[in-house]
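Enquirer: Following this line is work-v3.pdb, made up of PDB, C-alpha atoms, pLDDT in the B column:
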```
MODEL        1
ATOM      1  CA  MET A  11     -13.964 -17.143 -15.261  1.00 95.00           C
ATOM      2  CA  LYS A  12     -13.378 -16.929 -11.508  1.00 98.00           C
ATOM      3  CA  ILE A  13     -16.370 -17.411  -9.220  1.00 98.00           C
ATOM      4  CA  ILE A  14     -16.065 -17.297  -5.444  1.00 98.00           C
ATOM      5  CA  ALA A  15     -18.591 -17.973  -2.715  1.00 99.00           C
ATOM      6  CA  ILE A  16     -18.630 -15.862   0.425  1.00 98.00           C
ATOM      7  CA  THR A  17     -20.784 -16.953   3.320  1.00 98.00           C
ATOM      8  CA  GLN A  18     -21.264 -14.664   6.289  1.00 97.00           C
ATOM      9  CA  ALA A  19     -21.050 -16.186   9.752  1.00 97.00           C
ATOM     10  CA  ARG A  20     -20.990 -14.957  13.319  1.00 96.00           C
ATOM     11  CA  THR A  21     -21.828 -16.304  16.758  1.00 96.00           C
ATOM     12  CA  GLY A  22     -23.522 -13.148  18.038  1.00 91.00           C
ATOM     13  CA  SER A  23     -27.144 -13.750  17.072  1.00 85.00           C
ATOM     14  CA  THR A  24     -29.619 -12.065  19.443  1.00 85.00           C
ATOM     15  CA  ARG A  25     -32.350 -14.655  18.824  1.00 89.00           C
ATOM     16  CA  PHE A  26     -30.145 -17.774  18.879  1.00 95.00           C
ATOM     17  CA  PRO A  27     -26.535 -17.150  19.999  1.00 93.00           C
ATOM     18  CA  ASN A  28     -23.840 -19.478  18.652  1.00 96.00           C
ATOM     19  CA  LYS A  29     -26.435 -21.193  16.444  1.00 97.00           C
ATOM     20  CA  ILE A  30     -24.080 -22.232  13.639  1.00 97.00           C
ATOM     21  CA  MET A  31     -21.892 -24.170  16.069  1.00 97.00           C
ATOM     22  CA  ASN A  32     -24.775 -26.427  17.141  1.00 97.00           C
ATOM     23  CA  LYS A  33     -24.284 -29.988  15.927  1.00 98.00           C
ATOM     24  CA  ILE A  34     -26.305 -32.553  14.007  1.00 98.00           C
ATOM     25  CA  GLU A  35     -24.755 -35.981  13.447  1.00 95.00           C
ATOM     26  CA  ASN A  36     -21.573 -34.640  15.063  1.00 96.00           C
ATOM     27  CA  GLU A  37     -21.248 -31.867  12.457  1.00 98.00           C
ATOM     28  CA  THR A  38     -21.724 -28.180  13.175  1.00 98.00           C
ATOM     29  CA  LEU A  39     -24.355 -26.366  11.125  1.00 98.00           C
ATOM     30  CA  LEU A  40     -21.470 -24.369   9.654  1.00 98.00           C
ATOM     31  CA  SER A  41     -19.640 -27.500   8.520  1.00 98.00           C
ATOM     32  CA  ILE A  42     -22.852 -28.955   7.020  1.00 98.00           C
ATOM     33  CA  HIS A  43     -23.315 -25.681   5.129  1.00 98.00           C
ATOM     34  CA  ILE A  44     -19.729 -25.545   3.836  1.00 98.00           C
ATOM     35  CA  ASN A  45     -19.593 -29.198   2.849  1.00 98.00           C
ATOM     36  CA  ARG A  46     -22.722 -28.776   0.736  1.00 98.00           C
ATOM     37  CA  ILE A  47     -21.276 -25.662  -0.974  1.00 98.00           C
ATOM     38  CA  LYS A  48     -18.139 -27.647  -1.809  1.00 98.00           C
ATOM     39  CA  LYS A  49     -20.252 -29.829  -4.105  1.00 98.00           C
ATOM     40  CA  SER A  50     -20.878 -26.884  -6.443  1.00 98.00           C
ATOM     41  CA  LYS A  51     -19.330 -27.451  -9.874  1.00 98.00           C
ATOM     42  CA  LYS A  52     -18.903 -23.750 -10.616  1.00 98.00           C
ATOM     43  CA  ILE A  53     -17.388 -22.231  -7.470  1.00 98.00           C
ATOM     44  CA  ASN A  54     -13.591 -21.885  -7.428  1.00 98.00           C
ATOM     45  CA  SER A  55     -13.068 -20.734  -3.830  1.00 98.00           C
ATOM     46  CA  ILE A  56     -15.072 -20.519  -0.603  1.00 98.00           C
ATOM     47  CA  ILE A  57     -14.535 -17.799   2.011  1.00 98.00           C
ATOM     48  CA  ILE A  58     -16.171 -17.571   5.413  1.00 98.00           C
ATOM     49  CA  ALA A  59     -16.560 -13.881   6.263  1.00 98.00           C
ATOM     50  CA  THR A  60     -16.818 -13.420  10.011  1.00 98.00           C
ATOM     51  CA  THR A  61     -16.253 -10.565  12.431  1.00 98.00           C
ATOM     52  CA  ASN A  62     -13.098  -9.358  14.098  1.00 97.00           C
ATOM     53  CA  LYS A  63     -14.640  -9.962  17.541  1.00 97.00           C
ATOM     54  CA  GLU A  64     -12.890 -12.370  19.902  1.00 97.00           C
ATOM     55  CA  LYS A  65     -16.104 -14.389  20.278  1.00 96.00           C
ATOM     56  CA  ASP A  66     -15.806 -15.362  16.595  1.00 98.00           C
ATOM     57  CA  ASP A  67     -12.354 -16.922  16.951  1.00 98.00           C
ATOM     58  CA  ILE A  68     -14.235 -20.226  17.019  1.00 98.00           C
ATOM     59  CA  ILE A  69     -15.451 -19.612  13.462  1.00 98.00           C
ATOM     60  CA  GLU A  70     -11.908 -19.094  12.212  1.00 98.00           C
ATOM     61  CA  LEU A  71     -10.885 -22.346  13.915  1.00 98.00           C
ATOM     62  CA  GLU A  72     -13.801 -24.127  12.227  1.00 98.00           C
ATOM     63  CA  SER A  73     -12.842 -22.704   8.825  1.00 98.00           C
ATOM     64  CA  ASN A  74      -9.327 -24.101   9.290  1.00 98.00           C
ATOM     65  CA  LYS A  75     -10.792 -27.543  10.034  1.00 98.00           C
ATOM     66  CA  LEU A  76     -12.923 -27.276   6.898  1.00 98.00           C
ATOM     67  CA  ASN A  77      -9.951 -26.155   4.799  1.00 98.00           C
ATOM     68  CA  VAL A  78     -11.585 -22.957   3.576  1.00 98.00           C
ATOM     69  CA  SER A  79     -10.433 -19.359   3.816  1.00 98.00           C
ATOM     70  CA  CYS A  80     -11.611 -17.025   6.547  1.00 98.00           C
ATOM     71  CA  TYR A  81     -11.814 -13.234   6.379  1.00 98.00           C
ATOM     72  CA  ARG A  82     -12.456 -11.198   9.523  1.00 98.00           C
ATOM     73  CA  GLY A  83     -13.866  -7.698   9.425  1.00 98.00           C
ATOM     74  CA  GLU A  84     -16.579  -5.310  10.549  1.00 95.00           C
ATOM     75  CA  GLU A  85     -19.469  -6.830  12.494  1.00 95.00           C
ATOM     76  CA  GLU A  86     -22.268  -4.474  11.426  1.00 94.00           C
ATOM     77  CA  ASP A  87     -20.937  -3.276   8.038  1.00 97.00           C
ATOM     78  CA  VAL A  88     -21.235  -6.644   6.326  1.00 97.00           C
ATOM     79  CA  LEU A  89     -20.954  -5.035   2.877  1.00 98.00           C
ATOM     80  CA  ASP A  90     -17.476  -3.829   3.804  1.00 98.00           C
ATOM     81  CA  ARG A  91     -16.655  -7.300   5.099  1.00 98.00           C
ATOM     82  CA  PHE A  92     -17.787  -8.899   1.820  1.00 98.00           C
ATOM     83  CA  TYR A  93     -15.925  -6.452  -0.387  1.00 98.00           C
ATOM     84  CA  ARG A  94     -12.656  -6.796   1.498  1.00 98.00           C
ATOM     85  CA  ALA A  95     -13.018 -10.589   1.609  1.00 98.00           C
ATOM     86  CA  ALA A  96     -13.541 -10.739  -2.168  1.00 98.00           C
ATOM     87  CA  LYS A  97     -11.038  -8.131  -3.358  1.00 98.00           C
ATOM     88  CA  PRO A  98      -7.815 -10.217  -3.128  1.00 98.00           C
ATOM     89  CA  TYR A  99      -9.350 -12.938  -5.320  1.00 98.00           C
ATOM     90  CA  LYS A 100     -10.181 -10.559  -8.195  1.00 98.00           C
ATOM     91  CA  PRO A 101     -13.269 -12.627  -9.052  1.00 98.00           C
ATOM     92  CA  ASP A 102     -15.614 -12.137 -11.959  1.00 98.00           C
ATOM     93  CA  PHE A 103     -18.622 -13.106  -9.844  1.00 98.00           C
ATOM     94  CA  VAL A 104     -19.399 -13.480  -6.163  1.00 98.00           C
ATOM     95  CA  VAL A 105     -21.975 -15.867  -4.708  1.00 98.00           C
ATOM     96  CA  ARG A 106     -23.442 -14.571  -1.475  1.00 98.00           C
ATOM     97  CA  LEU A 107     -24.661 -17.180   1.010  1.00 98.00           C
ATOM     98  CA  THR A 108     -25.435 -17.112   4.716  1.00 97.00           C
ATOM     99  CA  SER A 109     -24.305 -19.721   7.205  1.00 97.00           C
ATOM    100  CA  ASP A 110     -27.719 -19.982   8.848  1.00 96.00           C
ATOM    101  CA  CYS A 111     -28.833 -21.932   5.741  1.00 98.00           C
ATOM    102  CA  PRO A 112     -27.207 -25.320   6.467  1.00 98.00           C
ATOM    103  CA  LEU A 113     -29.080 -27.294   3.794  1.00 98.00           C
ATOM    104  CA  ILE A 114     -28.254 -24.973   0.875  1.00 98.00           C
ATOM    105  CA  ASP A 115     -28.304 -26.936  -2.369  1.00 98.00           C
ATOM    106  CA  PRO A 116     -25.192 -26.880  -4.603  1.00 98.00           C
ATOM    107  CA  SER A 117     -27.200 -27.592  -7.749  1.00 98.00           C
ATOM    108  CA  LEU A 118     -29.392 -24.570  -7.022  1.00 98.00           C
ATOM    109  CA  ILE A 119     -26.281 -22.448  -6.523  1.00 98.00           C
ATOM    110  CA  ASP A 120     -24.933 -23.579  -9.894  1.00 98.00           C
ATOM    111  CA  MET A 121     -28.249 -22.918 -11.623  1.00 98.00           C
ATOM    112  CA  ILE A 122     -28.332 -19.315 -10.397  1.00 98.00           C
ATOM    113  CA  ILE A 123     -24.678 -18.746 -11.332  1.00 98.00           C
ATOM    114  CA  GLU A 124     -25.476 -19.971 -14.838  1.00 98.00           C
ATOM    115  CA  ALA A 125     -28.586 -17.770 -15.056  1.00 98.00           C
ATOM    116  CA  THR A 126     -26.522 -14.716 -14.042  1.00 98.00           C
ATOM    117  CA  ILE A 127     -23.901 -15.315 -16.692  1.00 98.00           C
ATOM    118  CA  ASN A 128     -26.370 -16.179 -19.468  1.00 98.00           C
ATOM    119  CA  ALA A 129     -28.553 -13.120 -18.815  1.00 98.00           C
ATOM    120  CA  ASN A 130     -25.575 -10.758 -18.501  1.00 98.00           C
ATOM    121  CA  VAL A 131     -27.033  -9.043 -15.426  1.00 98.00           C
ATOM    122  CA  ASP A 132     -25.335  -7.319 -12.494  1.00 98.00           C
ATOM    123  CA  TYR A 133     -27.277  -9.246  -9.868  1.00 98.00           C
ATOM    124  CA  CYS A 134     -29.327 -12.440  -9.889  1.00 98.00           C
ATOM    125  CA  SER A 135     -31.063 -14.338  -7.109  1.00 98.00           C
ATOM    126  CA  ASN A 136     -34.021 -16.473  -6.185  1.00 98.00           C
ATOM    127  CA  THR A 137     -35.114 -13.979  -3.513  1.00 96.00           C
ATOM    128  CA  LEU A 138     -36.480 -10.942  -5.369  1.00 97.00           C
ATOM    129  CA  ILE A 139     -39.750 -12.847  -5.583  1.00 95.00           C
ATOM    130  CA  GLU A 140     -39.800 -15.400  -2.787  1.00 95.00           C
ATOM    131  CA  SER A 141     -40.742 -18.631  -4.517  1.00 97.00           C
ATOM    132  CA  TYR A 142     -38.092 -20.894  -2.951  1.00 98.00           C
ATOM    133  CA  PRO A 143     -37.851 -22.102   0.653  1.00 98.00           C
ATOM    134  CA  ASP A 144     -36.362 -19.738   3.192  1.00 97.00           C
ATOM    135  CA  GLY A 145     -32.950 -21.320   3.651  1.00 98.00           C
ATOM    136  CA  GLN A 146     -32.317 -21.912  -0.058  1.00 98.00           C
ATOM    137  CA  ASP A 147     -31.400 -18.269  -0.729  1.00 98.00           C
ATOM    138  CA  VAL A 148     -28.695 -17.690  -3.341  1.00 98.00           C
ATOM    139  CA  GLU A 149     -27.468 -14.323  -4.603  1.00 98.00           C
ATOM    140  CA  VAL A 150     -24.925 -13.922  -7.412  1.00 98.00           C
ATOM    141  CA  PHE A 151     -23.439 -10.616  -8.553  1.00 98.00           C
ATOM    142  CA  SER A 152     -20.456  -9.312 -10.428  1.00 98.00           C
ATOM    143  CA  PHE A 153     -17.488  -8.107  -8.449  1.00 98.00           C
ATOM    144  CA  ASN A 154     -17.873  -4.724 -10.137  1.00 98.00           C
ATOM    145  CA  SER A 155     -21.395  -4.505  -8.714  1.00 98.00           C
ATOM    146  CA  LEU A 156     -20.083  -5.342  -5.258  1.00 98.00           C
ATOM    147  CA  LYS A 157     -17.413  -2.666  -5.571  1.00 98.00           C
ATOM    148  CA  LYS A 158     -19.906  -0.033  -6.710  1.00 98.00           C
ATOM    149  CA  ALA A 159     -22.319  -0.891  -3.901  1.00 98.00           C
ATOM    150  CA  TRP A 160     -19.447  -0.707  -1.399  1.00 98.00           C
ATOM    151  CA  GLU A 161     -18.475   2.741  -2.702  1.00 98.00           C
ATOM    152  CA  GLU A 162     -21.982   4.209  -2.915  1.00 98.00           C
ATOM    153  CA  SER A 163     -24.173   2.621  -0.206  1.00 97.00           C
ATOM    154  CA  VAL A 164     -25.026   4.953   2.660  1.00 96.00           C
ATOM    155  CA  LEU A 165     -28.030   3.443   4.454  1.00 96.00           C
ATOM    156  CA  MET A 166     -27.102   1.110   7.299  1.00 95.00           C
ATOM    157  CA  SER A 167     -29.650  -1.448   6.083  1.00 94.00           C
ATOM    158  CA  ASP A 168     -27.868  -1.505   2.698  1.00 96.00           C
ATOM    159  CA  ARG A 169     -24.514  -2.075   4.351  1.00 96.00           C
ATOM    160  CA  GLU A 170     -25.674  -4.588   6.937  1.00 96.00           C
ATOM    161  CA  HIS A 171     -27.471  -6.769   4.369  1.00 95.00           C
ATOM    162  CA  VAL A 172     -24.956  -6.419   1.480  1.00 97.00           C
ATOM    163  CA  THR A 173     -27.232  -6.504  -1.568  1.00 98.00           C
ATOM    164  CA  PRO A 174     -30.245  -4.137  -1.159  1.00 97.00           C
ATOM    165  CA  TYR A 175     -28.391  -1.334  -2.979  1.00 98.00           C
ATOM    166  CA  MET A 176     -27.744  -3.642  -5.931  1.00 98.00           C
ATOM    167  CA  LYS A 177     -31.408  -4.667  -6.112  1.00 98.00           C
ATOM    168  CA  LYS A 178     -32.495  -1.020  -6.210  1.00 97.00           C
ATOM    169  CA  ASN A 179     -29.912   0.341  -8.638  1.00 98.00           C
ATOM    170  CA  PHE A 180     -28.531  -2.350 -10.954  1.00 98.00           C
ATOM    171  CA  LYS A 181     -29.704  -4.671 -13.720  1.00 98.00           C
ATOM    172  CA  VAL A 182     -31.259  -7.634 -11.904  1.00 98.00           C
ATOM    173  CA  LEU A 183     -32.871 -11.001 -12.585  1.00 98.00           C
ATOM    174  CA  ASN A 184     -35.021 -13.252 -10.425  1.00 98.00           C
ATOM    175  CA  VAL A 185     -35.034 -17.044 -10.797  1.00 98.00           C
ATOM    176  CA  HIS A 186     -38.477 -18.499 -10.028  1.00 96.00           C
ATOM    177  CA  SER A 187     -39.427 -21.923  -8.747  1.00 96.00           C
ATOM    178  CA  ASN A 188     -42.392 -23.727 -10.267  1.00 89.00           C
ATOM    179  CA  ASN A 189     -44.417 -23.868  -7.053  1.00 93.00           C
ATOM    180  CA  MET A 190     -45.316 -20.866  -4.899  1.00 88.00           C
ATOM    181  CA  LYS A 191     -46.033 -23.192  -1.968  1.00 94.00           C
ATOM    182  CA  PHE A 192     -42.274 -23.568  -1.610  1.00 97.00           C
ATOM    183  CA  ASN A 193     -41.978 -20.095  -0.075  1.00 94.00           C
ATOM    184  CA  LYS A 194     -43.938 -21.384   2.945  1.00 94.00           C
ATOM    185  CA  VAL A 195     -41.065 -23.741   3.752  1.00 97.00           C
ATOM    186  CA  ARG A 196     -38.604 -22.633   6.401  1.00 97.00           C
ATOM    187  CA  MET A 197     -35.228 -24.386   6.557  1.00 97.00           C
ATOM    188  CA  THR A 198     -33.107 -21.505   7.767  1.00 97.00           C
ATOM    189  CA  VAL A 199     -31.954 -21.213  11.395  1.00 97.00           C
ATOM    190  CA  ASP A 200     -32.785 -17.979  13.203  1.00 96.00           C
ATOM    191  CA  GLU A 201     -34.364 -19.401  16.349  1.00 96.00           C
ATOM    192  CA  PRO A 202     -34.100 -22.624  18.390  1.00 96.00           C
ATOM    193  CA  ASN A 203     -37.260 -24.039  16.807  1.00 97.00           C
ATOM    194  CA  ASP A 204     -35.635 -23.710  13.394  1.00 98.00           C
ATOM    195  CA  PHE A 205     -32.776 -25.894  14.585  1.00 98.00           C
ATOM    196  CA  VAL A 206     -35.300 -28.556  15.661  1.00 98.00           C
ATOM    197  CA  VAL A 207     -36.762 -28.511  12.135  1.00 98.00           C
ATOM    198  CA  ILE A 208     -33.346 -28.952  10.482  1.00 98.00           C
ATOM    199  CA  LYS A 209     -32.573 -31.831  12.836  1.00 98.00           C
ATOM    200  CA  ARG A 210     -35.885 -33.524  12.002  1.00 98.00           C
ATOM    201  CA  LEU A 211     -35.259 -33.142   8.255  1.00 98.00           C
ATOM    202  CA  VAL A 212     -31.755 -34.579   8.572  1.00 98.00           C
ATOM    203  CA  ASP A 213     -32.886 -37.393  10.867  1.00 98.00           C
ATOM    204  CA  LYS A 214     -35.335 -38.525   8.170  1.00 98.00           C
ATOM    205  CA  LEU A 215     -33.364 -37.807   4.984  1.00 98.00           C
ATOM    206  CA  GLY A 216     -29.688 -37.421   5.913  1.00 98.00           C
ATOM    207  CA  LEU A 217     -27.279 -34.587   5.155  1.00 98.00           C
ATOM    208  CA  ASN A 218     -26.958 -34.912   1.379  1.00 97.00           C
ATOM    209  CA  GLU A 219     -30.468 -34.731  -0.083  1.00 98.00           C
ATOM    210  CA  LYS A 220     -31.634 -32.294  -2.750  1.00 98.00           C
ATOM    211  CA  TRP A 221     -33.556 -29.223  -1.627  1.00 98.00           C
ATOM    212  CA  GLU A 222     -36.744 -30.521  -3.258  1.00 97.00           C
ATOM    213  CA  ASN A 223     -36.779 -33.631  -1.059  1.00 98.00           C
ATOM    214  CA  TYR A 224     -36.349 -31.634   2.161  1.00 98.00           C
ATOM    215  CA  THR A 225     -39.055 -29.264   0.918  1.00 98.00           C
ATOM    216  CA  ASN A 226     -41.563 -31.991   0.150  1.00 97.00           C
ATOM    217  CA  LEU A 227     -40.995 -33.602   3.536  1.00 98.00           C
ATOM    218  CA  TYR A 228     -41.578 -30.251   5.264  1.00 98.00           C
ATOM    219  CA  LEU A 229     -44.779 -29.609   3.301  1.00 97.00           C
ATOM    220  CA  ASN A 230     -46.166 -33.094   3.837  1.00 97.00           C
ATOM    221  CA  ASP A 231     -45.288 -33.600   7.508  1.00 98.00           C
ATOM    222  CA  LYS A 232     -47.133 -31.157   9.766  1.00 97.00           C
ATOM    223  CA  THR A 233     -45.266 -32.459  12.814  1.00 98.00           C
ATOM    224  CA  ILE A 234     -42.217 -30.767  11.258  1.00 98.00           C
ATOM    225  CA  SER A 235     -43.663 -27.638   9.641  1.00 97.00           C
ATOM    226  CA  ASN A 236     -45.778 -26.692  12.669  1.00 97.00           C
ATOM    227  CA  ILE A 237     -42.596 -26.258  14.710  1.00 98.00           C
ATOM    228  CA  ASN A 238     -41.471 -23.046  12.974  1.00 97.00           C
ATOM    229  CA  VAL A 239     -44.139 -22.021  10.463  1.00 93.00           C
ATOM    230  CA  SER A 240     -45.117 -18.941  12.522  1.00 92.00           C
ATOM    231  CA  ILE A 241     -41.658 -17.299  12.365  1.00 93.00           C
ATOM    232  CA  THR A 242     -41.441 -14.225  10.107  1.00 86.00           C
ATOM    233  CA  ARG A 243     -39.249 -14.425   7.021  1.00 77.00           C
ATOM    234  CA  ASN A 244     -36.467 -11.782   6.702  1.00 63.00           C
ATOM    235  CA  GLU A 245     -37.109 -10.473  10.194  1.00 57.00           C
ATOM    236  CA  GLY A 246     -33.566  -9.098  10.463  1.00 53.00           C
ATOM    237  CA  TYR A 247     -33.845  -6.981   7.315  1.00 44.00           C
ATOM    238  CA  ILE A 248     -37.269  -5.673   8.351  1.00 48.00           C
ATOM    239  CA  LYS A 249     -35.733  -4.570  11.655  1.00 52.00           C
ATOM    240  CA  SER A 250     -32.883  -2.800   9.821  1.00 44.00           C
ATOM    241  CA  ILE A 251     -35.332  -0.872   7.617  1.00 42.00           C
ATOM    242  CA  LYS A 252     -37.191   0.324  10.719  1.00 49.00           C
ATOM    243  CA  ASN A 253     -33.899   1.460  12.233  1.00 53.00           C
ATOM    244  CA  ASP A 254     -33.117   3.485   9.083  1.00 53.00           C
ATOM    245  CA  LEU A 255     -36.495   5.213   9.326  1.00 52.00           C
ATOM    246  CA  ASN A 256     -35.965   6.047  13.001  1.00 63.00           C
ATOM    247  CA  ASN A 257     -32.493   7.548  12.505  1.00 62.00           C
TER     248      ASN A 257
ENDMDL
END
```
Now, as a test, write the supplied structure out as structure tokens.
Expert:
Amino acid sequence: MKIIAITQARTGSTRFPNKIMNKIENETLLSIHINRIKKSKKINSIIIATTNKEKDDIIELESNKLNVSCYRGEEEDVLDRFYRAAKPYKPDFVVRLTSDCPLIDPSLIDMIIEATINANVDYCSNTLIESYPDGQDVEVFSFNSLKKAWEESVLMSDREHVTPYMKKNFKVLNVHSNNMKFNKVRMTVDEPNDFVVIKRLVDKLGLNEKWENYTNLYLNDKTISNINVSITRNEGYIKSIKNDLNN
């Protein structure tokens, strides 16, 4: 069985430009992210899917340094970018990740891959019901589901965010955590304050801890959580939905 991971990456964030090239312990957030994915026991190949814009040449250079593949495609139609990145590999399953989640946990990735296969579903994630920290988001789907979504999705929000069409139309499964407090934890990087939080977590625990240990530190240390607790989760997708309604 062939399982690939595709992580989307670009430098053109409106809230925090070039965020994934910021460094902690002399490593870019992108390299921290990729090096953690490499510890997965179930992923065969990793692809960074970036845009064809000149400003993202730096991401291709970084992917070469990290010895992973890079696909370059449409900036706004991320679904098209994912499909075209995956197609040459002819995978059975695709793991969707995002590069603004530097502390993604490989064991969590493997758990959700296993849940997808065991349940024989089209799509599985830990995001349908948000019971994990923001920044530990993992989505797994069959390549056939990706292809069908690519062929049938019309709404721009469905194409910009890759998986909404699958969630609405296919057989899905959610993986729950055992503590709903975890969804209050924010270890993704959308804004400069988020970067400060990641740096504080790494300063205290290093780059290779399990997600639970970062989570417990965040929950127990208000000097960390107060930095970014007020930022809205999934703000980008909410904005896309509003754009659909206005068009």
Enquirer: Using only C-alpha atoms, which of A:Glu219, A:Asp200, A:Glu170, A:Glu149 sits nearest Ala15 (chain A)?
Expert: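 Result for the nearest residue to Ala15 (chain A): A:Glu149.
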Enquirer: Taking (-14.4, -17.6, 18.1) as a centre in this file's frame and 12 Å as the limit, can you find every polymer residue with an atom that close, using only C-alpha atoms, and give them as a list of chain:residue names?
Expert: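 Applying the cut-off with only C-alpha atoms, one gets A:Ala19, A:Arg20, A:Thr21, A:Gly22, A:Asn28, A:Ile30, A:Met31, A:Thr60, A:Thr61, A:Asn62, A:Lys63, A:Glu64, A:Lys65, A:Asp66, A:Asp67, A:Ile68, A:Ile69, A:Glu70, A:Leu71, A:Glu72, A:Ser73, A:Cys80, A:Arg82.
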Enquirer: For the structure provided, state which residues fall under the PyMOL selection byres ((chain A and resi 105) around 9), and present them as a list in words.
Expert: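 Evaluating the PyMOL selection byres ((chain A and resi 105) around 9) on this file yields Ile13, Ile14, Ala15, Ile16, Thr17, Ile53, Phe103, Val104, Arg106, Leu107, Ile119, Ile123, Val148, Glu149, Val150, Phe151 and Ser152 of chain A.
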Enquirer: Write out as a PyMOL selection string each polymer residue whose atoms come within 12 Å of region 178-188 of chain A, counting only C-alpha atoms; drop sequence neighbours fewer than 5 positions from it.
Expert: chain A and resi 118-119+121-143+146-152+154-156+158-159+162-163+168+173+193+221-222
Enquirer: The centre and edge lengths of an axis-aligned box containing all atoms of region 39-50 of chain A present in the file, extended by 6 Å on each side, are to be given in Å to one decimal, as lines of an AutoDock Vina configuration file.
Expert:
```
center_x = -21.2
center_y = -27.1
center_z = 2.3
size_x = 18.2
size_y = 17.5
size_z = 29.6
```
Enquirer: Record the distance separating CA of Leu217 (chain A) and CA of Ile42 (chain A), expressed in Å with one decimal.
Expert: 7.4 Å
Enquirer: Just to confirm, what's the straight-line distance from CA of Ile234 (chain A) to CA of Cys111 (chain A) in Å (one decimal)?
Expert: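 CA of Ile234 (chain A) sits 17.0 Å away from CA of Cys111 (chain A).
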Enquirer: If you count all atoms listed in the file, which residues fall within 12 Å of Val199 (chain A), apart from same-chain ones fewer than 6 positions away, as a short mmCIF file (atom, residue, chain, number, x, y, z; two decimals) with C-alpha atoms, in the coordinates of the input?
Expert:
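Result file is selection_18.cif:
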```cif
data_model
loop_
_atom_site.label_atom_id
_atom_site.label_comp_id
_atom_site.auth_asym_id
_atom_site.auth_seq_id
_atom_site.Cartn_x
_atom_site.Cartn_y
_atom_site.Cartn_z
CA SER A 23 -27.14 -13.75 17.07
CA ARG A 25 -32.35 -14.66 18.82
CA PHE A 26 -30.14 -17.77 18.88
CA PRO A 27 -26.54 -17.15 20.00
CA ASN A 28 -23.84 -19.48 18.65
CA LYS A 29 -26.44 -21.19 16.44
CA ILE A 30 -24.08 -22.23 13.64
CA MET A 31 -21.89 -24.17 16.07
CA ASN A 32 -24.78 -26.43 17.14
CA LEU A 39 -24.36 -26.37 11.12
CA LEU A 40 -21.47 -24.37 9.65
CA HIS A 43 -23.32 -25.68 5.13
CA THR A 108 -25.44 -17.11 4.72
CA SER A 109 -24.30 -19.72 7.20
CA ASP A 110 -27.72 -19.98 8.85
CA CYS A 111 -28.83 -21.93 5.74
CA PRO A 112 -27.21 -25.32 6.47
CA LEU A 113 -29.08 -27.29 3.79
CA ILE A 114 -28.25 -24.97 0.88
CA ASP A 144 -36.36 -19.74 3.19
CA GLY A 145 -32.95 -21.32 3.65
CA GLN A 146 -32.32 -21.91 -0.06
CA PHE A 205 -32.78 -25.89 14.58
CA VAL A 206 -35.30 -28.56 15.66
CA VAL A 207 -36.76 -28.51 12.14
CA ILE A 208 -33.35 -28.95 10.48
CA LYS A 209 -32.57 -31.83 12.84
CA ASN A 238 -41.47 -23.05 12.97
CA ILE A 241 -41.66 -17.30 12.36
CA THR A 242 -41.44 -14.22 10.11
CA ARG A 243 -39.25 -14.42 7.02
CA ASN A 244 -36.47 -11.78 6.70
CA GLU A 245 -37.11 -10.47 10.19
#
```
Enquirer: Using all atoms listed in the file, pick whichever of A:Asn218, A:Ala96, A:Asn189, A:Val239 has the shortest atom-to-atom distance to Asn45 (chain A).
Expert: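 Closest to Asn45 (chain A) of all the choices is A:Asn218.
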Enquirer: Translate the PyMOL selection byres ((chain A and resi 235) around 12), as applied to the file shown, into an explicit residue set as a ChimeraX atom specification.
Expert: /A:194-197,203-204,206-208,210-211,224-234,236-241
